[in-house]
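Q: Just work-v3.cif, nothing more (mmCIF, N, CA and C atoms):
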```
data_run
loop_
_atom_site.label_atom_id
_atom_site.label_comp_id
_atom_site.auth_asym_id
_atom_site.auth_seq_id
_atom_site.Cartn_x
_atom_site.Cartn_y
_atom_site.Cartn_z
N MET A 1 -10.84 -52.60 18.08
CA MET A 1 -10.87 -53.51 16.95
C MET A 1 -12.28 -53.63 16.38
N ARG A 2 -13.30 -53.58 17.24
CA ARG A 2 -14.68 -53.69 16.78
C ARG A 2 -15.05 -52.53 15.86
N ILE A 3 -14.59 -51.36 16.17
CA ILE A 3 -14.90 -50.17 15.39
C ILE A 3 -14.04 -50.14 14.12
N PHE A 4 -12.87 -50.65 14.21
CA PHE A 4 -11.92 -50.58 13.09
C PHE A 4 -12.42 -51.32 11.85
N LEU A 5 -12.93 -52.53 11.99
CA LEU A 5 -13.37 -53.32 10.84
C LEU A 5 -14.54 -52.67 10.10
N PRO A 6 -15.61 -52.27 10.78
CA PRO A 6 -16.70 -51.60 10.06
C PRO A 6 -16.24 -50.28 9.41
N LEU A 7 -15.36 -49.56 10.10
CA LEU A 7 -14.86 -48.31 9.55
C LEU A 7 -14.03 -48.58 8.29
N LEU A 8 -13.21 -49.60 8.32
CA LEU A 8 -12.41 -49.97 7.17
C LEU A 8 -13.29 -50.38 5.99
N LEU A 9 -14.32 -51.16 6.26
CA LEU A 9 -15.24 -51.58 5.20
C LEU A 9 -15.97 -50.38 4.59
N MET A 10 -16.40 -49.45 5.44
CA MET A 10 -17.10 -48.27 4.96
C MET A 10 -16.18 -47.40 4.10
N LEU A 11 -14.95 -47.21 4.53
CA LEU A 11 -14.00 -46.41 3.76
C LEU A 11 -13.67 -47.07 2.43
N SER A 12 -13.56 -48.38 2.43
CA SER A 12 -13.30 -49.11 1.19
C SER A 12 -14.45 -48.93 0.21
N PHE A 13 -15.67 -49.03 0.70
CA PHE A 13 -16.84 -48.86 -0.16
C PHE A 13 -16.91 -47.44 -0.71
N LEU A 14 -16.66 -46.45 0.13
CA LEU A 14 -16.69 -45.06 -0.32
C LEU A 14 -15.61 -44.80 -1.36
N SER A 15 -14.46 -45.33 -1.16
CA SER A 15 -13.36 -45.17 -2.11
C SER A 15 -13.72 -45.80 -3.45
N TRP A 16 -14.29 -46.97 -3.43
CA TRP A 16 -14.68 -47.67 -4.64
C TRP A 16 -15.80 -46.93 -5.36
N SER A 17 -16.77 -46.42 -4.64
CA SER A 17 -17.91 -45.77 -5.26
C SER A 17 -17.59 -44.38 -5.80
N CYS A 18 -16.53 -43.74 -5.32
CA CYS A 18 -16.15 -42.41 -5.77
C CYS A 18 -15.39 -42.42 -7.09
N LYS A 19 -14.92 -43.56 -7.52
CA LYS A 19 -14.15 -43.64 -8.75
C LYS A 19 -15.00 -43.33 -9.98
N GLY A 20 -16.29 -43.50 -9.89
CA GLY A 20 -17.15 -43.28 -11.05
C GLY A 20 -17.19 -44.52 -11.92
N THR A 21 -18.05 -44.45 -12.91
CA THR A 21 -18.22 -45.56 -13.81
C THR A 21 -17.05 -45.66 -14.77
N GLN A 22 -16.52 -46.84 -14.92
CA GLN A 22 -15.46 -47.11 -15.88
C GLN A 22 -16.09 -47.87 -17.05
N TYR A 23 -15.73 -47.49 -18.26
CA TYR A 23 -16.31 -48.11 -19.44
C TYR A 23 -15.31 -49.05 -20.10
N ALA A 24 -15.81 -50.12 -20.68
CA ALA A 24 -14.96 -51.12 -21.30
C ALA A 24 -14.58 -50.74 -22.73
N SER A 25 -15.34 -49.82 -23.32
CA SER A 25 -15.11 -49.44 -24.71
C SER A 25 -15.68 -48.05 -24.96
N PRO A 26 -15.03 -47.25 -25.81
CA PRO A 26 -15.57 -45.93 -26.14
C PRO A 26 -16.92 -46.03 -26.86
N ALA A 27 -17.18 -47.15 -27.51
CA ALA A 27 -18.44 -47.33 -28.23
C ALA A 27 -19.65 -47.31 -27.29
N GLU A 28 -19.46 -47.74 -26.06
CA GLU A 28 -20.58 -47.76 -25.12
C GLU A 28 -20.72 -46.45 -24.34
N TYR A 29 -19.85 -45.49 -24.63
CA TYR A 29 -19.85 -44.20 -23.92
C TYR A 29 -20.61 -43.19 -24.76
N ASN A 30 -21.74 -42.71 -24.25
CA ASN A 30 -22.58 -41.80 -25.04
C ASN A 30 -22.48 -40.35 -24.59
N LYS A 31 -21.39 -40.02 -23.92
CA LYS A 31 -21.15 -38.64 -23.51
C LYS A 31 -20.02 -38.07 -24.37
N GLU A 32 -19.52 -36.91 -23.99
CA GLU A 32 -18.50 -36.22 -24.77
C GLU A 32 -17.18 -37.00 -24.81
N LYS A 33 -16.57 -37.02 -26.01
CA LYS A 33 -15.28 -37.68 -26.18
C LYS A 33 -14.54 -37.05 -27.36
N ILE A 34 -13.23 -37.24 -27.35
CA ILE A 34 -12.37 -36.79 -28.44
C ILE A 34 -11.68 -38.02 -29.00
N ILE A 35 -11.77 -38.18 -30.31
CA ILE A 35 -11.13 -39.29 -31.00
C ILE A 35 -10.02 -38.68 -31.85
N PHE A 36 -8.81 -39.19 -31.73
CA PHE A 36 -7.69 -38.59 -32.44
C PHE A 36 -6.66 -39.66 -32.80
N GLY A 37 -5.80 -39.30 -33.71
CA GLY A 37 -4.75 -40.24 -34.09
C GLY A 37 -4.13 -39.87 -35.42
N ALA A 38 -3.52 -40.86 -36.05
CA ALA A 38 -2.83 -40.65 -37.31
C ALA A 38 -2.69 -41.98 -38.02
N GLY A 39 -2.46 -41.90 -39.33
CA GLY A 39 -2.23 -43.12 -40.07
C GLY A 39 -2.26 -42.93 -41.57
N GLY A 40 -2.11 -44.03 -42.26
CA GLY A 40 -2.08 -44.03 -43.71
C GLY A 40 -0.75 -44.56 -44.18
N GLY A 41 -0.20 -43.92 -45.18
CA GLY A 41 1.09 -44.36 -45.69
C GLY A 41 1.02 -45.69 -46.41
N PHE A 42 2.15 -46.35 -46.52
CA PHE A 42 2.28 -47.60 -47.25
C PHE A 42 1.39 -48.70 -46.68
N THR A 43 1.33 -48.80 -45.36
CA THR A 43 0.56 -49.89 -44.73
C THR A 43 -0.92 -49.57 -44.60
N GLY A 44 -1.26 -48.29 -44.58
CA GLY A 44 -2.65 -47.90 -44.37
C GLY A 44 -3.09 -48.03 -42.92
N LYS A 45 -2.14 -48.29 -42.05
CA LYS A 45 -2.44 -48.50 -40.63
C LYS A 45 -2.79 -47.16 -39.95
N TYR A 46 -3.87 -47.17 -39.19
CA TYR A 46 -4.26 -46.01 -38.39
C TYR A 46 -4.21 -46.38 -36.91
N GLU A 47 -3.64 -45.49 -36.12
CA GLU A 47 -3.65 -45.65 -34.67
C GLU A 47 -4.61 -44.60 -34.13
N THR A 48 -5.65 -45.06 -33.46
CA THR A 48 -6.72 -44.19 -33.00
C THR A 48 -6.81 -44.24 -31.48
N TYR A 49 -6.95 -43.07 -30.89
CA TYR A 49 -7.14 -42.94 -29.46
C TYR A 49 -8.49 -42.29 -29.20
N SER A 50 -9.15 -42.73 -28.15
CA SER A 50 -10.43 -42.14 -27.74
C SER A 50 -10.30 -41.69 -26.30
N LEU A 51 -10.45 -40.38 -26.10
CA LEU A 51 -10.39 -39.79 -24.77
C LEU A 51 -11.82 -39.47 -24.34
N LEU A 52 -12.29 -40.17 -23.32
CA LEU A 52 -13.64 -39.95 -22.81
C LEU A 52 -13.62 -38.78 -21.84
N SER A 53 -14.75 -38.11 -21.69
CA SER A 53 -14.80 -36.95 -20.80
C SER A 53 -14.56 -37.31 -19.33
N ASN A 54 -14.61 -38.60 -19.00
CA ASN A 54 -14.31 -39.03 -17.63
C ASN A 54 -12.81 -39.28 -17.43
N GLY A 55 -12.01 -39.08 -18.50
CA GLY A 55 -10.56 -39.25 -18.40
C GLY A 55 -10.02 -40.57 -18.92
N GLN A 56 -10.88 -41.53 -19.17
CA GLN A 56 -10.41 -42.81 -19.70
C GLN A 56 -9.86 -42.61 -21.11
N LEU A 57 -8.79 -43.34 -21.43
CA LEU A 57 -8.16 -43.24 -22.74
C LEU A 57 -8.03 -44.64 -23.33
N PHE A 58 -8.48 -44.80 -24.58
CA PHE A 58 -8.44 -46.09 -25.26
C PHE A 58 -7.60 -45.99 -26.52
N TYR A 59 -6.98 -47.10 -26.90
CA TYR A 59 -6.16 -47.19 -28.11
C TYR A 59 -6.71 -48.28 -29.01
N LYS A 60 -6.71 -48.00 -30.33
CA LYS A 60 -7.14 -49.01 -31.29
C LYS A 60 -6.22 -48.97 -32.50
N ASN A 61 -5.78 -50.14 -32.91
CA ASN A 61 -4.94 -50.33 -34.08
C ASN A 61 -5.84 -50.82 -35.22
N SER A 62 -5.81 -50.14 -36.37
CA SER A 62 -6.72 -50.50 -37.46
C SER A 62 -6.39 -51.83 -38.13
N ILE A 63 -5.17 -52.29 -37.99
CA ILE A 63 -4.79 -53.57 -38.60
C ILE A 63 -5.33 -54.74 -37.78
N SER A 64 -5.04 -54.73 -36.49
CA SER A 64 -5.48 -55.83 -35.63
C SER A 64 -6.90 -55.66 -35.13
N GLU A 65 -7.41 -54.43 -35.19
CA GLU A 65 -8.75 -54.09 -34.68
C GLU A 65 -8.86 -54.30 -33.17
N GLN A 66 -7.72 -54.50 -32.50
CA GLN A 66 -7.74 -54.67 -31.05
C GLN A 66 -7.87 -53.30 -30.40
N GLU A 67 -8.68 -53.26 -29.38
CA GLU A 67 -8.89 -52.02 -28.63
C GLU A 67 -8.55 -52.29 -27.17
N SER A 68 -7.81 -51.35 -26.56
CA SER A 68 -7.45 -51.55 -25.16
C SER A 68 -7.42 -50.21 -24.45
N GLN A 69 -7.65 -50.27 -23.15
CA GLN A 69 -7.56 -49.06 -22.35
C GLN A 69 -6.10 -48.84 -21.99
N VAL A 70 -5.67 -47.59 -22.11
CA VAL A 70 -4.32 -47.21 -21.73
C VAL A 70 -4.43 -46.20 -20.59
N ALA A 71 -3.31 -45.81 -20.02
CA ALA A 71 -3.34 -44.86 -18.90
C ALA A 71 -4.17 -43.65 -19.27
N GLY A 72 -5.07 -43.27 -18.41
CA GLY A 72 -5.96 -42.16 -18.68
C GLY A 72 -5.42 -40.84 -18.17
N LEU A 73 -6.24 -39.82 -18.29
CA LEU A 73 -5.90 -38.48 -17.84
C LEU A 73 -6.72 -38.16 -16.59
N SER A 74 -6.26 -37.19 -15.85
CA SER A 74 -7.05 -36.75 -14.70
C SER A 74 -8.26 -35.99 -15.23
N LYS A 75 -9.26 -35.84 -14.39
CA LYS A 75 -10.45 -35.09 -14.80
C LYS A 75 -10.08 -33.63 -15.09
N LYS A 76 -9.12 -33.10 -14.34
CA LYS A 76 -8.67 -31.72 -14.54
C LYS A 76 -8.03 -31.56 -15.92
N GLU A 77 -7.15 -32.50 -16.29
CA GLU A 77 -6.50 -32.46 -17.60
C GLU A 77 -7.52 -32.60 -18.73
N THR A 78 -8.46 -33.51 -18.54
CA THR A 78 -9.48 -33.75 -19.56
C THR A 78 -10.35 -32.51 -19.75
N LYS A 79 -10.77 -31.90 -18.65
CA LYS A 79 -11.57 -30.67 -18.74
C LYS A 79 -10.81 -29.56 -19.46
N ALA A 80 -9.51 -29.45 -19.18
CA ALA A 80 -8.69 -28.41 -19.82
C ALA A 80 -8.61 -28.63 -21.33
N ILE A 81 -8.49 -29.88 -21.76
CA ILE A 81 -8.44 -30.18 -23.19
C ILE A 81 -9.78 -29.88 -23.85
N LEU A 82 -10.87 -30.27 -23.22
CA LEU A 82 -12.19 -30.00 -23.78
C LEU A 82 -12.45 -28.49 -23.86
N LYS A 83 -11.96 -27.75 -22.88
CA LYS A 83 -12.11 -26.30 -22.90
C LYS A 83 -11.30 -25.69 -24.04
N LYS A 84 -10.08 -26.18 -24.22
CA LYS A 84 -9.23 -25.70 -25.31
C LYS A 84 -9.90 -25.96 -26.66
N LEU A 85 -10.49 -27.12 -26.81
CA LEU A 85 -11.19 -27.49 -28.03
C LEU A 85 -12.32 -26.51 -28.33
N LYS A 86 -13.08 -26.18 -27.31
CA LYS A 86 -14.19 -25.24 -27.48
C LYS A 86 -13.69 -23.82 -27.74
N ASP A 87 -12.67 -23.40 -26.97
CA ASP A 87 -12.13 -22.05 -27.10
C ASP A 87 -11.56 -21.78 -28.49
N MET A 88 -11.01 -22.80 -29.12
CA MET A 88 -10.42 -22.61 -30.44
C MET A 88 -11.45 -22.71 -31.56
N GLY A 89 -12.72 -22.97 -31.20
CA GLY A 89 -13.78 -23.06 -32.19
C GLY A 89 -13.67 -24.29 -33.08
N PHE A 90 -13.23 -25.40 -32.49
CA PHE A 90 -13.00 -26.62 -33.25
C PHE A 90 -14.22 -27.04 -34.07
N ASP A 91 -15.39 -27.02 -33.47
CA ASP A 91 -16.59 -27.51 -34.16
C ASP A 91 -16.98 -26.66 -35.36
N ASP A 92 -16.38 -25.47 -35.50
CA ASP A 92 -16.65 -24.61 -36.65
C ASP A 92 -15.54 -24.67 -37.70
N MET A 93 -14.48 -25.39 -37.42
CA MET A 93 -13.36 -25.51 -38.37
C MET A 93 -13.72 -26.49 -39.48
N ASN A 94 -13.36 -26.12 -40.69
CA ASN A 94 -13.56 -27.01 -41.83
C ASN A 94 -12.20 -27.36 -42.41
N VAL A 95 -11.62 -28.42 -41.88
CA VAL A 95 -10.30 -28.85 -42.32
C VAL A 95 -10.39 -30.30 -42.77
N GLU A 96 -10.24 -30.51 -44.06
CA GLU A 96 -10.20 -31.85 -44.63
C GLU A 96 -9.19 -31.81 -45.77
N LYS A 97 -7.93 -31.92 -45.39
CA LYS A 97 -6.82 -31.78 -46.33
C LYS A 97 -5.95 -33.03 -46.25
N ASN A 98 -6.48 -34.12 -46.73
CA ASN A 98 -5.81 -35.40 -46.61
C ASN A 98 -4.69 -35.59 -47.63
N GLY A 99 -3.78 -36.44 -47.27
CA GLY A 99 -2.65 -36.78 -48.13
C GLY A 99 -2.27 -38.23 -47.91
N ASN A 100 -0.99 -38.53 -48.03
CA ASN A 100 -0.52 -39.90 -47.88
C ASN A 100 -0.60 -40.36 -46.42
N TYR A 101 -0.14 -39.52 -45.51
CA TYR A 101 -0.19 -39.83 -44.08
C TYR A 101 -1.00 -38.74 -43.40
N ASN A 102 -2.06 -39.11 -42.68
CA ASN A 102 -3.01 -38.15 -42.15
C ASN A 102 -3.07 -38.12 -40.64
N TYR A 103 -3.42 -36.95 -40.14
CA TYR A 103 -3.67 -36.72 -38.71
C TYR A 103 -5.13 -36.33 -38.58
N PHE A 104 -5.74 -36.66 -37.46
CA PHE A 104 -7.15 -36.30 -37.31
C PHE A 104 -7.52 -36.08 -35.84
N ILE A 105 -8.54 -35.28 -35.67
CA ILE A 105 -9.19 -35.07 -34.38
C ILE A 105 -10.69 -35.04 -34.66
N GLU A 106 -11.43 -35.75 -33.84
CA GLU A 106 -12.89 -35.76 -33.95
C GLU A 106 -13.47 -35.45 -32.58
N HIS A 107 -14.42 -34.56 -32.54
CA HIS A 107 -15.10 -34.21 -31.29
C HIS A 107 -16.52 -34.73 -31.38
N ASN A 108 -16.91 -35.52 -30.41
CA ASN A 108 -18.26 -36.05 -30.34
C ASN A 108 -18.84 -35.62 -29.00
N ASP A 109 -19.92 -34.83 -29.04
CA ASP A 109 -20.51 -34.34 -27.78
C ASP A 109 -21.61 -35.24 -27.24
N GLY A 110 -21.75 -36.42 -27.82
CA GLY A 110 -22.79 -37.35 -27.40
C GLY A 110 -23.95 -37.37 -28.36
N GLU A 111 -24.11 -36.28 -29.11
CA GLU A 111 -25.19 -36.18 -30.10
C GLU A 111 -24.62 -35.87 -31.49
N ASN A 112 -23.70 -34.93 -31.56
CA ASN A 112 -23.14 -34.49 -32.83
C ASN A 112 -21.64 -34.79 -32.86
N SER A 113 -21.15 -34.95 -34.08
CA SER A 113 -19.74 -35.26 -34.25
C SER A 113 -19.15 -34.35 -35.32
N HIS A 114 -17.91 -33.88 -35.10
CA HIS A 114 -17.21 -33.04 -36.07
C HIS A 114 -15.77 -33.51 -36.15
N LYS A 115 -15.27 -33.66 -37.39
CA LYS A 115 -13.92 -34.19 -37.59
C LYS A 115 -13.11 -33.27 -38.48
N CYS A 116 -11.84 -33.11 -38.12
CA CYS A 116 -10.86 -32.40 -38.94
C CYS A 116 -9.73 -33.37 -39.23
N SER A 117 -9.26 -33.39 -40.48
CA SER A 117 -8.13 -34.25 -40.83
C SER A 117 -7.23 -33.51 -41.81
N TRP A 118 -5.93 -33.81 -41.73
CA TRP A 118 -4.95 -33.12 -42.56
C TRP A 118 -3.69 -33.97 -42.72
N ALA A 119 -2.89 -33.61 -43.70
CA ALA A 119 -1.62 -34.28 -43.94
C ALA A 119 -0.49 -33.31 -43.61
N ASP A 120 0.68 -33.86 -43.36
CA ASP A 120 1.85 -33.05 -43.00
C ASP A 120 2.20 -32.00 -44.04
N ASP A 121 2.02 -32.35 -45.30
CA ASP A 121 2.44 -31.44 -46.36
C ASP A 121 1.44 -30.31 -46.66
N LYS A 122 0.36 -30.26 -45.94
CA LYS A 122 -0.64 -29.22 -46.14
C LYS A 122 -0.29 -28.02 -45.27
N GLN A 123 0.03 -26.91 -45.91
CA GLN A 123 0.53 -25.72 -45.22
C GLN A 123 -0.54 -24.89 -44.55
N ASP A 124 -1.76 -24.93 -45.04
CA ASP A 124 -2.79 -24.02 -44.55
C ASP A 124 -3.69 -24.62 -43.45
N VAL A 125 -3.13 -25.49 -42.66
CA VAL A 125 -3.84 -26.06 -41.51
C VAL A 125 -3.57 -25.16 -40.31
N PRO A 126 -4.63 -24.75 -39.58
CA PRO A 126 -4.41 -23.87 -38.42
C PRO A 126 -3.40 -24.44 -37.42
N ALA A 127 -2.50 -23.60 -36.98
CA ALA A 127 -1.48 -24.01 -36.02
C ALA A 127 -2.11 -24.53 -34.73
N SER A 128 -3.23 -23.94 -34.33
CA SER A 128 -3.90 -24.38 -33.09
C SER A 128 -4.37 -25.82 -33.19
N LEU A 129 -4.76 -26.24 -34.38
CA LEU A 129 -5.21 -27.62 -34.59
C LEU A 129 -4.03 -28.59 -34.48
N LYS A 130 -2.92 -28.24 -35.12
CA LYS A 130 -1.73 -29.07 -35.03
C LYS A 130 -1.21 -29.15 -33.59
N GLU A 131 -1.26 -28.03 -32.89
CA GLU A 131 -0.79 -27.99 -31.51
C GLU A 131 -1.67 -28.85 -30.59
N LEU A 132 -2.98 -28.79 -30.79
CA LEU A 132 -3.88 -29.63 -30.00
C LEU A 132 -3.59 -31.11 -30.24
N HIS A 133 -3.37 -31.48 -31.50
CA HIS A 133 -3.05 -32.87 -31.82
C HIS A 133 -1.76 -33.30 -31.14
N LYS A 134 -0.77 -32.42 -31.18
CA LYS A 134 0.52 -32.71 -30.53
C LYS A 134 0.33 -32.90 -29.02
N THR A 135 -0.48 -32.06 -28.41
CA THR A 135 -0.77 -32.17 -26.98
C THR A 135 -1.46 -33.49 -26.66
N LEU A 136 -2.46 -33.83 -27.44
CA LEU A 136 -3.19 -35.09 -27.22
C LEU A 136 -2.25 -36.29 -27.37
N MET A 137 -1.42 -36.27 -28.40
CA MET A 137 -0.50 -37.39 -28.62
C MET A 137 0.53 -37.50 -27.50
N ALA A 138 0.91 -36.39 -26.91
CA ALA A 138 1.86 -36.42 -25.79
C ALA A 138 1.28 -37.20 -24.61
N PHE A 139 -0.02 -37.12 -24.39
CA PHE A 139 -0.66 -37.88 -23.31
C PHE A 139 -0.60 -39.37 -23.58
N THR A 140 -0.59 -39.78 -24.85
CA THR A 140 -0.54 -41.21 -25.17
C THR A 140 0.83 -41.78 -24.90
N LYS A 141 1.86 -40.96 -24.97
CA LYS A 141 3.23 -41.42 -24.74
C LYS A 141 3.50 -41.68 -23.26
N MET A 142 2.69 -41.12 -22.39
CA MET A 142 2.88 -41.28 -20.94
C MET A 142 2.65 -42.72 -20.51
N ASP A 143 1.89 -43.48 -21.32
CA ASP A 143 1.57 -44.86 -20.96
C ASP A 143 2.69 -45.81 -21.33
N LYS A 144 3.58 -45.41 -22.23
CA LYS A 144 4.58 -46.32 -22.75
C LYS A 144 5.88 -46.26 -22.01
#
```
If you took the structure in this file and wrote it as structure tokens, what would it be?

A:
Amino acid sequence: MRIFLPLLLMLSFLSWSCKGTQYASPAEYNKEKIIFGAGGGFTGKYETYSLLSNGQLFYKNSISEQESQVAGLSKKETKAILKKLKDMGFDDMNVEKNGNYNYFIEHNDGENSHKCSWADDKQDVPASLKELHKTLMAFTKMDK
């Protein structure tokens, strides 16, 4: 019993310290992140998600301006998405084809930011960009 309590305390501390830093808001995170979402239309409402490179995922509604953390991604999933973003040459894409209802992805590496946005009715948007957006949005549905 004497050994058990100190061992339990040590394991608890190690478990807690291995989780890494958790952030309360994407605004305070100065490392790599992907901001994505959609909105517009009659209401002008935008739903924005911020995926931090540590896997945390945040949601913000443009009408209420409320921001909350939702279920995040594993570090492996997050790394795979960031790799896909780089492999497809996202930061070199020039896509700004807005319409009534828009979709967007923004990559912020901590220093520089690049954004692509498009509407459903725009035919000349790269399929890889639409597919990445669809993949990102699928992760947001896992929380609901």

Q: Hey, what comes out of the PyMOL selection byres ((chain A and resi 39) around 6.5) on this file? Could you write it as JSON, numbers by chain?

A: {"A": [37, 38, 40, 41, 44, 45, 46, 47, 100, 101, 102, 103, 104]}

Q: When you count only C-alpha atoms, which of these residues is closest to A:Gln66: A:Asn112, A:Tyr49, A:Lys33, A:Pro126?

A: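 Ranked by minimum distance to A:Gln66, first place goes to A:Tyr49.
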
Q: If we count all atoms listed in the file and set the cut-off at 8 Å, which residues sit around stretch 129-139 of chain A, ignoring sequence neighbours fewer than 5 positions away in its own chain? Please answer as number ranges by chain.

A: A: 36-37, 71-73, 84-85, 88, 90, 103-105, 144

Q: Name the residues captured by the PyMOL selection byres (((chain A and resi 74 and name CA) around 12) and name CA) when it is applied to the shown file; answer as number ranges by chain.

A: A: 19, 51-57, 71-73, 75-81, 139

Q: A:Leu82, A:Lys141, A:Ile35, A:Phe58: which is nearest A:Cys116, counting only C-alpha atoms?

A: A:Ile35
